[in-house]
file final33.txt (compact mmCIF, C-alpha atoms)
# COMPACT_ATOMS: atom_id res chain seq x y z
CA MET A 1 -28.70 24.80 104.23
CA PHE A 2 -26.65 26.75 106.74
CA GLN A 3 -27.54 24.21 109.41
CA PHE A 4 -25.95 21.49 107.26
CA ALA A 5 -22.96 23.61 106.27
CA VAL A 6 -21.91 24.51 109.79
CA GLY A 7 -23.01 21.33 111.52
CA PRO A 8 -25.27 20.86 114.51
CA ASP A 9 -22.87 22.30 117.09
CA ARG A 10 -24.80 25.15 118.75
CA GLU A 11 -21.73 27.02 120.00
CA ARG A 12 -20.24 27.13 116.55
CA LEU A 13 -23.55 28.12 115.06
CA ALA A 14 -23.86 31.09 117.40
CA GLY A 15 -20.36 32.22 116.42
CA THR A 16 -21.09 32.11 112.72
CA LEU A 17 -24.60 33.51 112.96
CA PRO A 18 -23.77 37.14 111.99
CA GLY A 19 -21.88 35.97 108.93
CA LEU A 20 -24.63 33.55 107.91
CA LEU A 21 -27.27 36.21 108.41
CA TRP A 22 -25.49 38.70 106.14
CA LEU A 23 -24.64 36.09 103.54
CA GLY A 24 -28.36 35.34 103.42
CA PHE A 25 -29.16 39.04 103.06
CA ILE A 26 -26.63 39.50 100.30
CA LEU A 27 -27.68 36.43 98.33
CA SER A 28 -31.35 37.37 98.54
CA GLY A 29 -30.44 40.98 97.78
CA LEU A 30 -28.47 39.93 94.68
CA LEU A 31 -31.55 38.26 93.26
CA GLY A 32 -33.75 41.30 93.72
CA LEU A 33 -31.16 43.95 92.86
CA GLY A 34 -30.12 42.26 89.65
CA ARG A 35 -33.66 42.52 88.33
CA THR A 36 -34.10 46.22 89.15
CA PHE A 37 -34.02 47.41 85.53
CA VAL A 38 -34.74 44.20 83.66
CA VAL A 39 -38.43 45.01 83.25
CA GLU A 40 -37.57 48.27 81.49
CA ARG A 41 -35.10 46.55 79.20
CA GLU A 42 -37.36 43.66 78.27
CA ASN A 43 -40.37 45.85 77.60
CA ASP A 44 -38.39 48.55 75.80
CA CYS A 45 -39.35 51.15 78.35
CA TRP A 46 -35.78 52.47 78.63
CA GLU A 47 -36.71 55.46 76.46
CA GLY A 48 -39.57 56.15 78.82
CA LEU A 49 -37.10 56.51 81.67
CA LEU A 50 -34.95 58.78 79.48
CA LEU A 51 -37.89 60.96 78.53
CA ALA A 52 -39.08 61.35 82.09
CA PRO A 53 -38.96 65.04 83.02
CA GLY A 54 -36.79 66.24 85.88
CA ASP A 55 -33.44 65.18 87.15
CA LYS A 56 -32.36 61.66 86.22
CA SER A 57 -31.06 61.07 89.74
CA ALA A 58 -34.70 61.04 90.88
CA ILE A 59 -35.13 57.77 88.98
CA TYR A 60 -32.07 56.39 90.73
CA LEU A 61 -33.31 57.43 94.15
CA GLY A 62 -36.76 56.01 93.43
CA LYS A 63 -35.39 52.67 92.30
CA LEU A 64 -33.04 52.68 95.28
CA ALA A 65 -35.88 53.37 97.73
CA GLY A 66 -37.87 50.52 96.22
CA ASN A 67 -34.92 48.16 96.52
CA VAL A 68 -34.13 49.17 100.09
CA LEU A 69 -37.75 48.66 101.10
CA LEU A 70 -37.97 45.26 99.44
CA MET A 71 -34.66 44.14 100.94
CA LEU A 72 -35.70 45.31 104.41
CA VAL A 73 -38.91 43.30 104.22
CA VAL A 74 -36.99 40.19 103.17
CA GLU A 75 -34.38 40.79 105.87
CA VAL A 76 -36.94 41.13 108.64
CA LEU A 77 -38.56 37.91 107.43
CA LEU A 78 -35.18 36.17 107.37
CA ILE A 79 -34.35 37.35 110.88
CA VAL A 80 -37.68 36.08 112.17
CA LEU A 81 -37.12 32.73 110.47
CA PHE A 82 -33.59 32.54 111.87
CA THR A 83 -34.82 33.15 115.41
CA ILE A 84 -37.47 30.46 115.05
CA PHE A 85 -35.44 27.75 113.37
CA PHE A 86 -32.19 28.30 115.24
CA ASP A 87 -34.03 28.99 118.49
CA ILE A 88 -32.19 32.17 119.41
CA ASP A 89 -33.48 35.11 121.39
CA LEU A 90 -32.53 38.30 119.56
CA SER A 91 -34.87 40.65 121.38
CA PRO A 92 -32.26 42.48 123.51
CA ALA A 93 -30.21 43.24 120.40
CA ILE A 94 -33.06 44.57 118.27
CA PRO A 95 -32.19 48.33 118.39
CA ALA A 96 -28.54 47.65 117.54
CA LEU A 97 -29.50 45.17 114.85
CA ALA A 98 -31.94 47.66 113.33
CA ILE A 99 -29.26 50.34 112.89
CA VAL A 100 -26.82 47.91 111.30
CA VAL A 101 -29.44 46.38 109.01
CA VAL A 102 -30.66 49.75 107.75
CA LEU A 103 -27.16 51.14 107.15
CA GLY A 104 -25.95 47.91 105.57
CA THR A 105 -28.97 47.61 103.31
CA ILE A 106 -28.53 51.17 102.04
CA GLY A 107 -24.89 50.39 101.29
CA LEU A 108 -25.72 47.20 99.42
CA ALA A 109 -28.61 48.68 97.51
CA SER A 110 -26.95 51.97 96.50
CA VAL A 111 -24.14 50.32 94.53
CA GLY A 112 -26.40 47.42 93.59
CA THR A 113 -29.01 49.69 91.96
CA LEU A 114 -26.31 51.55 90.02
CA PHE A 115 -24.64 48.38 88.77
CA ALA A 116 -28.01 46.79 87.99
CA ALA A 117 -28.79 49.65 85.63
CA MET A 118 -25.41 49.06 84.02
CA THR A 119 -25.69 45.33 83.56
CA ALA A 120 -29.39 45.26 82.60
CA GLY A 121 -28.63 45.39 78.88
CA VAL A 122 -25.42 43.39 78.90
CA ARG A 123 -24.68 39.86 77.78
CA ALA A 124 -24.16 37.48 80.70
CA ARG A 125 -25.95 39.84 83.08
CA GLU A 126 -26.42 37.18 85.76
CA LEU A 127 -22.68 36.53 85.78
CA LEU A 128 -21.37 40.06 85.47
CA PHE A 129 -23.59 41.64 88.11
CA PRO A 130 -22.29 39.69 91.13
CA VAL A 131 -18.72 39.71 89.78
CA LEU A 132 -18.81 43.51 89.71
CA LEU A 133 -20.80 44.03 92.87
CA LEU A 134 -19.37 41.57 95.40
CA PRO A 135 -15.74 42.80 95.59
CA VAL A 136 -16.93 46.40 95.86
CA GLN A 137 -19.16 45.37 98.76
CA VAL A 138 -16.45 43.83 100.91
CA PRO A 139 -16.20 46.87 103.23
CA VAL A 140 -19.98 46.86 103.76
CA LEU A 141 -20.04 43.11 104.40
CA LEU A 142 -17.14 43.27 106.88
CA ALA A 143 -18.58 46.25 108.74
CA THR A 144 -22.09 44.81 108.99
CA VAL A 145 -20.91 41.37 110.12
CA LYS A 146 -18.58 42.83 112.75
CA ALA A 147 -21.21 45.27 114.02
CA THR A 148 -23.87 42.54 114.10
CA GLU A 149 -21.51 40.28 116.00
CA ALA A 150 -20.83 42.97 118.61
CA GLY A 151 -24.50 43.93 118.78
CA LEU A 152 -25.63 40.34 119.34
CA ALA A 153 -22.97 39.88 122.01
CA GLY A 154 -24.56 42.80 123.87
CA GLU A 155 -21.52 45.05 123.66
CA PRO A 156 -22.11 48.80 124.20
CA LEU A 157 -22.51 50.93 121.10
CA ALA A 158 -19.14 52.62 121.67
CA ALA A 159 -17.33 49.30 121.21
CA TYR A 160 -18.30 49.03 117.57
CA ALA A 161 -19.04 52.66 116.70
CA HIS A 162 -16.04 52.70 114.33
CA TRP A 163 -17.68 50.00 112.21
CA LEU A 164 -20.90 51.98 112.07
CA GLN A 165 -18.97 55.09 111.08
CA LEU A 166 -17.24 53.20 108.29
CA LEU A 167 -20.60 51.87 107.17
CA ALA A 168 -22.11 55.36 107.18
CA ALA A 169 -19.13 56.74 105.27
CA ALA A 170 -19.48 53.99 102.68
CA ASP A 171 -23.22 54.72 102.36
CA VAL A 172 -22.57 58.42 101.78
CA ILE A 173 -19.81 57.79 99.21
CA TYR A 174 -21.90 55.25 97.28
CA LEU A 175 -25.02 57.41 97.38
CA VAL A 176 -23.26 60.54 96.18
CA ALA A 177 -21.45 58.61 93.44
CA GLY A 178 -24.72 56.97 92.42
CA VAL A 179 -26.66 60.24 92.24
CA LEU A 180 -23.89 61.93 90.25
CA THR A 181 -23.13 59.15 87.78
CA PHE A 182 -26.57 57.63 87.19
CA GLU A 183 -27.46 59.91 84.28
CA PHE A 184 -24.42 58.64 82.38
CA ILE A 185 -25.67 55.08 82.70
CA LEU A 186 -29.18 55.91 81.66
CA GLU A 187 -28.17 57.19 78.21
CA PRO A 188 -29.14 54.63 75.57
CA MET B 1 8.42 60.82 72.56
CA THR B 2 7.25 57.34 73.51
CA ARG B 3 10.66 55.96 72.53
CA THR B 4 12.44 58.45 74.80
CA LEU B 5 10.12 57.37 77.61
CA GLY B 6 11.09 53.76 76.93
CA TRP B 7 14.82 54.50 77.18
CA LEU B 8 14.26 56.55 80.32
CA ALA B 9 12.33 53.63 81.82
CA LEU B 10 15.19 51.27 80.98
CA ALA B 11 17.68 53.63 82.59
CA GLY B 12 15.44 53.92 85.65
CA LEU B 13 15.15 50.13 85.95
CA VAL B 14 18.92 49.68 85.69
CA ALA B 15 19.42 52.34 88.35
CA GLY B 16 16.85 50.54 90.49
CA LEU B 17 18.64 47.20 90.09
CA VAL B 18 21.96 48.81 90.97
CA MET B 19 20.38 50.27 94.09
CA ALA B 20 18.70 47.01 95.06
CA PHE B 21 21.60 44.65 94.47
CA GLY B 22 24.71 46.85 94.48
CA ILE B 23 24.34 49.67 96.92
CA ALA B 24 21.68 48.53 99.37
CA PRO B 25 23.11 46.39 102.18
CA ARG B 26 22.09 42.82 102.90
CA GLU B 27 19.42 42.67 105.54
CA LEU B 28 20.54 41.00 108.78
CA THR B 29 17.71 38.63 109.70
CA GLN B 30 16.06 38.00 106.33
CA GLY B 31 19.14 37.97 104.13
CA ASN B 32 18.91 38.51 100.41
CA VAL B 33 15.20 37.66 100.33
CA GLN B 34 14.53 41.12 101.70
CA ARG B 35 15.67 42.62 98.38
CA ILE B 36 12.28 41.64 96.95
CA MET B 37 11.00 44.71 98.75
CA TYR B 38 12.55 46.82 95.97
CA ILE B 39 10.03 45.52 93.48
CA HIS B 40 7.22 44.66 95.90
CA VAL B 41 6.64 48.13 97.32
CA PRO B 42 7.17 50.28 94.17
CA ALA B 43 4.88 47.95 92.18
CA VAL B 44 1.92 48.56 94.47
CA TRP B 45 2.54 52.30 94.54
CA VAL B 46 2.59 52.42 90.77
CA ALA B 47 -0.59 50.34 90.56
CA TYR B 48 -2.52 52.50 93.02
CA LEU B 49 -1.26 55.68 91.39
CA GLY B 50 -2.54 54.24 88.12
CA PHE B 51 -6.00 53.58 89.59
CA LEU B 52 -6.16 57.19 90.77
CA VAL B 53 -5.20 58.34 87.27
CA ALA B 54 -7.90 56.05 85.86
CA CYS B 55 -10.47 57.67 88.17
CA GLY B 56 -9.41 61.15 87.06
CA ALA B 57 -9.41 60.22 83.39
CA SER B 58 -12.85 58.63 83.77
CA ILE B 59 -14.29 61.80 85.31
CA ALA B 60 -12.71 63.78 82.46
CA TYR B 61 -14.24 61.37 79.96
CA LEU B 62 -17.76 61.69 81.35
CA PHE B 63 -17.56 65.48 81.18
CA THR B 64 -15.75 66.00 77.88
CA ARG B 65 -16.56 62.72 76.04
CA ARG B 66 -13.10 62.75 74.53
CA THR B 67 -12.26 59.17 73.59
CA ASP B 68 -8.57 59.61 74.43
CA ALA B 69 -9.49 60.16 78.08
CA ASP B 70 -11.31 56.82 78.04
CA GLN B 71 -8.42 55.11 76.26
CA LEU B 72 -6.05 56.48 78.89
CA ALA B 73 -8.26 55.11 81.70
CA HIS B 74 -8.49 51.72 79.99
CA ALA B 75 -4.74 51.48 79.42
CA VAL B 76 -3.88 52.63 82.94
CA VAL B 77 -6.18 50.02 84.53
CA GLU B 78 -4.62 47.23 82.45
CA VAL B 79 -1.08 48.28 83.32
CA GLY B 80 -2.07 48.87 86.94
CA LEU B 81 -3.41 45.32 87.15
CA VAL B 82 -0.11 43.97 85.80
CA PHE B 83 1.84 45.84 88.46
CA LEU B 84 -0.62 44.84 91.20
CA GLY B 85 -0.18 41.24 90.05
CA LEU B 86 3.58 41.72 90.27
CA ASN B 87 3.12 43.01 93.80
CA ILE B 88 1.00 40.02 94.84
CA ALA B 89 3.35 37.51 93.18
CA SER B 90 6.51 39.04 94.65
CA GLY B 91 4.86 39.23 98.06
CA SER B 92 3.96 35.57 97.80
CA ILE B 93 7.53 34.60 96.87
CA TRP B 94 8.80 36.67 99.79
CA GLY B 95 6.19 35.25 102.15
CA LYS B 96 7.19 31.61 101.65
CA PRO B 97 10.68 31.85 103.25
CA THR B 98 9.76 34.64 105.66
CA TRP B 99 6.30 33.79 107.00
CA GLY B 100 6.48 30.15 105.94
CA THR B 101 3.46 30.32 103.66
CA TRP B 102 2.66 31.41 100.12
CA TRP B 103 -0.66 32.87 101.09
CA THR B 104 -2.45 33.93 104.21
CA TRP B 105 -5.64 35.92 104.79
CA ASP B 106 -3.74 38.77 106.26
CA ALA B 107 -5.24 42.26 106.08
CA ARG B 108 -3.15 43.81 103.36
CA ILE B 109 -2.93 40.72 101.18
CA THR B 110 -6.70 40.43 101.39
CA SER B 111 -7.37 44.06 100.59
CA VAL B 112 -4.91 44.13 97.69
CA SER B 113 -6.47 41.02 96.17
CA ILE B 114 -9.96 42.51 96.54
CA VAL B 115 -8.81 45.64 94.73
CA PHE B 116 -7.36 43.34 92.07
CA LEU B 117 -10.78 41.66 91.66
CA ILE B 118 -12.58 45.01 91.44
CA TYR B 119 -10.43 46.16 88.53
CA LEU B 120 -10.64 42.75 86.91
CA GLY B 121 -14.40 43.35 86.96
CA TYR B 122 -13.76 46.68 85.21
CA LEU B 123 -12.03 44.90 82.32
CA LEU B 124 -14.73 42.18 82.21
CA LEU B 125 -17.42 44.84 81.92
CA ARG B 126 -15.59 46.48 79.02
CA GLN B 127 -15.46 43.10 77.30
CA ALA B 128 -19.14 42.35 77.88
CA VAL B 129 -20.58 45.56 76.43
CA ASP B 130 -20.53 45.52 72.63
CA ASP B 131 -21.10 49.20 72.00
CA ARG B 132 -17.80 51.09 72.43
CA GLU B 133 -19.32 54.30 73.64
CA ARG B 134 -21.57 52.56 76.15
CA ALA B 135 -18.70 50.39 77.39
CA ALA B 136 -16.63 53.52 77.94
CA ARG B 137 -19.39 55.21 79.94
CA TYR B 138 -20.09 52.17 82.13
CA ALA B 139 -16.41 51.53 82.73
CA ALA B 140 -15.90 55.16 83.72
CA VAL B 141 -18.61 54.86 86.39
CA VAL B 142 -16.96 51.71 87.79
CA ALA B 143 -13.54 53.38 87.87
CA ILE B 144 -15.00 56.38 89.70
CA ILE B 145 -16.66 54.19 92.37
CA ALA B 146 -13.65 51.88 92.69
CA ALA B 147 -11.09 54.55 93.62
CA PRO B 148 -12.66 55.79 96.88
CA ASN B 149 -13.61 52.19 97.57
CA ILE B 150 -9.90 51.29 97.75
CA PHE B 151 -9.67 53.34 100.94
CA LEU B 152 -12.80 51.72 102.41
CA VAL B 153 -11.48 48.25 101.61
CA HIS B 154 -8.14 49.03 103.24
CA GLN B 155 -9.67 50.53 106.35
CA SER B 156 -12.17 47.74 106.91
CA VAL B 157 -9.75 44.93 106.25
CA ASN B 158 -7.13 46.53 108.49
CA TRP B 159 -9.57 46.58 111.39
CA TRP B 160 -10.52 43.05 110.58
CA ARG B 161 -7.08 41.49 111.09
CA THR B 162 -3.41 42.23 110.78
CA LEU B 163 -0.23 40.20 110.35
CA HIS B 164 1.56 42.22 107.67
CA GLN B 165 4.03 44.69 109.10
CA PRO B 166 2.55 48.19 109.17
CA ALA B 167 3.71 50.62 106.50
CA SER B 168 7.26 51.68 107.28
CA LEU B 169 7.56 54.56 104.84
CA LEU B 170 4.27 56.37 104.46
CA LYS B 171 3.13 56.99 107.98
CA ALA B 172 2.86 59.77 110.49
CA GLY B 173 6.09 60.57 112.33
CA GLY B 174 8.49 59.76 109.50
CA ALA B 175 9.99 56.57 108.15
CA THR B 176 11.46 53.88 110.41
CA MET B 177 13.88 52.69 107.78
CA PRO B 178 17.53 53.43 107.11
CA VAL B 179 17.91 56.14 104.49
CA ILE B 180 19.74 53.86 102.04
CA LEU B 181 16.82 51.39 101.79
CA TRP B 182 14.42 54.27 101.48
CA VAL B 183 16.40 55.77 98.59
CA GLY B 184 16.49 52.34 96.96
CA ILE B 185 12.72 52.11 97.03
CA VAL B 186 12.25 55.60 95.65
CA VAL B 187 14.73 54.99 92.81
CA ASN B 188 12.89 51.79 91.93
CA PHE B 189 9.56 53.59 92.17
CA ILE B 190 10.74 56.15 89.62
CA GLY B 191 11.99 53.38 87.33
CA PHE B 192 8.73 51.44 87.65
CA GLY B 193 6.73 54.61 87.17
CA LEU B 194 8.56 55.37 83.93
CA LEU B 195 8.10 51.80 82.75
CA ALA B 196 4.37 51.95 83.55
CA ALA B 197 4.05 55.28 81.75
CA TYR B 198 5.78 53.75 78.72
CA PHE B 199 3.39 50.76 78.77
CA VAL B 200 0.39 53.06 79.14
CA ALA B 201 1.51 55.25 76.25
CA ARG B 202 1.95 52.18 74.03
CA ARG B 203 -1.34 50.60 75.09
CA ALA B 204 -3.32 53.82 74.72
CA ALA B 205 -1.89 54.32 71.22
CA LEU B 206 -2.91 50.78 70.34
CA LEU B 207 -6.44 51.32 71.70
CA HIS B 208 -6.62 54.52 69.67
CA ARG B 209 -5.73 52.63 66.48
CA GLU B 210 -8.20 49.85 67.32
CA ALA B 211 -10.95 52.45 67.68
CA GLN B 212 -9.95 54.03 64.37
CA ALA B 213 -9.93 50.67 62.61
CA ALA B 214 -13.35 49.85 64.00
CA GLY B 215 -14.58 53.22 62.73

call {"tool": "encode", "arguments": {"input": "final33.txt", "output": "structure tokens"}}
result
Amino acid sequence: MFQFAVGPDRERLAGTLPGLLWLGFILSGLLGLGRTFVVERENDCWEGLLLAPGDKSAIYLGKLAGNVLLMLVVEVLLIVLFTIFFDIDLSPAIPALAIVVVLGTIGLASVGTLFAAMTAGVRARELLFPVLLLPVQVPVLLATVKATEAGLAGEPLAAYAHWLQLLAAADVIYLVAGVLTFEFILEP
Amino acid sequence: MTRTLGWLALAGLVAGLVMAFGIAPRELTQGNVQRIMYIHVPAVWVAYLGFLVACGASIAYLFTRRTDADQLAHAVVEVGLVFLGLNIASGSIWGKPTWGTWWTWDARITSVSIVFLIYLGYLLLRQAVDDRERAARYAAVVAIIAAPNIFLVHQSVNWWRTLHQPASLLKAGGATMPVILWVGIVVNFIGFGLLAAYFVARRAALLHREAQAAG
């Protein structure tokens, strides 16, 4: 699809690659994240989650870890497919790309898991989830795309360290907020 | 009480208009168009102040479960969105003669409109959840995440691109603006703040009655 959207011009394709890559990650992430708590809702297992002993934030962290893992697998697959079909050599940028992908995925998944729990039992879940999530994720998207761009261009880490710092700050804020507020969402 | 607030707001707005059109001088290069600043800047301050209040009220709601804290947060977000909309609209009207375009993907316009969308999502979520208590809890969580996110959005979008003039009032090293303009903005800010407080008081009272009527 992206090939058709941007056109066959290789120069232009290389310029838009970081953005395309992250759009792909986010769209695939939206699908998975949105379903995080649907199984519990549909099978009436919500009370089971509530009754689980221990701190409720453990459930959040567990769901989050599952989501991050799943998203990382999909992202690695996507990157491999991108390199094959667009015939690009990403190997020199792999360490940089790995940092950005991990930080960005945690950022996406931490808010995504929280909002998924919220929208699981709501009318028009498929609509509401992205409408809530996407504007909140603009800082993460901008930071990851910019850092990926710089990483792929082979710039030294110092040149885009500020983006990574912003990304890390966002991750910490989202994670702390998620851990602290999750129990309020879990109530029936 | 609310009525007094309303009259105070009216007085504040009149004082603001007098400052903007009577006392403040005409700007040299932009002419009278520049006077839009007297609603543009205070409107965004009031809106952001409101979102901070909404965050505080939401935290208070989650801890105390007092419905009036939730009603306050709800009312403040609605009024804040109105003022943010006023800010975007006035900026657009100012932008046409000054920059030559109604809209551009400049850093601050972008970040303000993203913040607008985030809080629009807040209201949508309230609409979508049928149970009042559950809607209040969910909305509180969104308001708590959205407030620190405002700073992240601003920072990231600022690094991304910039055309808008940097802030002339709230920055390190003091304001770069003649005192008379500065006073004009502050007077208008107070007037707008009073007006917003009046709206919030009215809206919160209405929400309170709605909740009572619904049982």

call {"tool": "interface_residues", "arguments": {"input": "final33.txt", "of": "chain A", "to": "chain B", "cutoff": "7 Å", "atoms": "only C-alpha atoms", "output": "ChimeraX atom specification"}}
result
/A:118,122-123,131-132,135-136,138-139,142-143,177,181,184-185

call {"tool": "closest_residue", "arguments": {"input": "final33.txt", "among": "A:Leu33, A:Leu13, A:Ala158, A:Leu20", "to": "Val111 of chain A", "atoms": "only C-alpha atoms"}}
result
A:Leu33

call {"tool": "residues_around", "arguments": {"input": "final33.txt", "residues": "Ile39 of chain B", "least_positions_apart": "4", "cutoff": "12 Å", "atoms": "all atoms listed in the file", "output": "ChimeraX atom specification"}}
result
/B:13,16-17,19-21,33-35,43-46,83-91,93-94,184-193

call {"tool": "write_last_selection", "arguments": {"input": "final33.txt", "atoms": "C-alpha atoms", "output": "PDB file, in the coordinates of the input"}}
result
ATOM      1  CA  LEU B  13      15.150  50.130  85.950  1.00  0.00           C
ATOM      2  CA  GLY B  16      16.850  50.540  90.490  1.00  0.00           C
ATOM      3  CA  LEU B  17      18.640  47.200  90.090  1.00  0.00           C
ATOM      4  CA  MET B  19      20.380  50.270  94.090  1.00  0.00           C
ATOM      5  CA  ALA B  20      18.700  47.010  95.060  1.00  0.00           C
ATOM      6  CA  PHE B  21      21.600  44.650  94.470  1.00  0.00           C
ATOM      7  CA  VAL B  33      15.200  37.660 100.330  1.00  0.00           C
ATOM      8  CA  GLN B  34      14.530  41.120 101.700  1.00  0.00           C
ATOM      9  CA  ARG B  35      15.670  42.620  98.380  1.00  0.00           C
ATOM     10  CA  ALA B  43       4.880  47.950  92.180  1.00  0.00           C
ATOM     11  CA  VAL B  44       1.920  48.560  94.470  1.00  0.00           C
ATOM     12  CA  TRP B  45       2.540  52.300  94.540  1.00  0.00           C
ATOM     13  CA  VAL B  46       2.590  52.420  90.770  1.00  0.00           C
ATOM     14  CA  PHE B  83       1.840  45.840  88.460  1.00  0.00           C
ATOM     15  CA  LEU B  84      -0.620  44.840  91.200  1.00  0.00           C
ATOM     16  CA  GLY B  85      -0.180  41.240  90.050  1.00  0.00           C
ATOM     17  CA  LEU B  86       3.580  41.720  90.270  1.00  0.00           C
ATOM     18  CA  ASN B  87       3.120  43.010  93.800  1.00  0.00           C
ATOM     19  CA  ILE B  88       1.000  40.020  94.840  1.00  0.00           C
ATOM     20  CA  ALA B  89       3.350  37.510  93.180  1.00  0.00           C
ATOM     21  CA  SER B  90       6.510  39.040  94.650  1.00  0.00           C
ATOM     22  CA  GLY B  91       4.860  39.230  98.060  1.00  0.00           C
ATOM     23  CA  ILE B  93       7.530  34.600  96.870  1.00  0.00           C
ATOM     24  CA  TRP B  94       8.800  36.670  99.790  1.00  0.00           C
ATOM     25  CA  GLY B 184      16.490  52.340  96.960  1.00  0.00           C
ATOM     26  CA  ILE B 185      12.720  52.110  97.030  1.00  0.00           C
ATOM     27  CA  VAL B 186      12.250  55.600  95.650  1.00  0.00           C
ATOM     28  CA  VAL B 187      14.730  54.990  92.810  1.00  0.00           C
ATOM     29  CA  ASN B 188      12.890  51.790  91.930  1.00  0.00           C
ATOM     30  CA  PHE B 189       9.560  53.590  92.170  1.00  0.00           C
ATOM     31  CA  ILE B 190      10.740  56.150  89.620  1.00  0.00           C
ATOM     32  CA  GLY B 191      11.990  53.380  87.330  1.00  0.00           C
ATOM     33  CA  PHE B 192       8.730  51.440  87.650  1.00  0.00           C
ATOM     34  CA  GLY B 193       6.730  54.610  87.170  1.00  0.00           C
TER      35      GLY B 193
END

call {"tool": "atom_distance", "arguments": {"input": "final33.txt", "atom1": "atom CA of Gly6 of chain B", "atom2": "atom CA of Val77 of chain B"}}
result
19.2 Å

call {"tool": "closest_residue", "arguments": {"input": "final33.txt", "among": "B:Pro42, B:Leu207, B:Ile23, B:Ile109", "to": "Asp70 of chain B", "atoms": "all atoms listed in the file"}}
result
B:Leu207

call {"tool": "residues_around", "arguments": {"input": "final33.txt", "residues": "Ala150 of chain A", "least_positions_apart": "4", "cutoff": "8 Å", "atoms": "only C-alpha atoms", "output": "PyMOL selection string"}}
result
chain A and resi 146+154-155+159-160

call {"tool": "residues_around", "arguments": {"input": "final33.txt", "residues": "Thr36 of chain A", "least_positions_apart": "5", "cutoff": "9 Å", "atoms": "all atoms listed in the file", "output": "list in words"}}
result
Lys63, Leu64, Asn67, Gly112, Thr113, Ala116, Ala117 and Ala120 of chain A

call {"tool": "atom_distance", "arguments": {"input": "final33.txt", "atom1": "atom CA of Glu149 of chain A", "atom2": "atom CA of Gly66 of chain A"}}
result
27.6 Å

call {"tool": "atom_distance", "arguments": {"input": "final33.txt", "atom1": "atom CA of Val179 of chain A", "atom2": "atom CA of Leu49 of chain A"}}
result
15.3 Å

call {"tool": "decode", "arguments": {"input": "final33.txt", "residues": "segment 124-144 of chain B", "atoms": "C-alpha atoms", "output": "tab-separated table (two decimals), in the first residue's frame"}}
result
chain	number	residue	atom	x	y	z
B	124	LEU	CA	-16.68	11.81	23.77
B	125	LEU	CA	-15.70	9.22	26.37
B	126	ARG	CA	-18.12	10.74	28.88
B	127	GLN	CA	-20.86	10.50	26.27
B	128	ALA	CA	-20.07	6.90	25.36
B	129	VAL	CA	-20.18	5.43	28.86
B	130	ASP	CA	-23.74	5.00	30.10
B	131	ASP	CA	-23.04	4.51	33.78
B	132	ARG	CA	-22.46	7.91	35.42
B	133	GLU	CA	-20.06	6.70	38.04
B	134	ARG	CA	-17.99	4.71	35.56
B	135	ALA	CA	-17.93	7.62	33.10
B	136	ALA	CA	-16.65	9.87	35.88
B	137	ARG	CA	-13.86	7.46	36.79
B	138	TYR	CA	-12.72	6.91	33.20
B	139	ALA	CA	-12.86	10.61	32.40
B	140	ALA	CA	-10.81	11.39	35.50
B	141	VAL	CA	-8.05	9.02	34.32
B	142	VAL	CA	-8.01	10.70	30.88
B	143	ALA	CA	-7.84	14.18	32.44
B	144	ILE	CA	-4.94	13.09	34.65
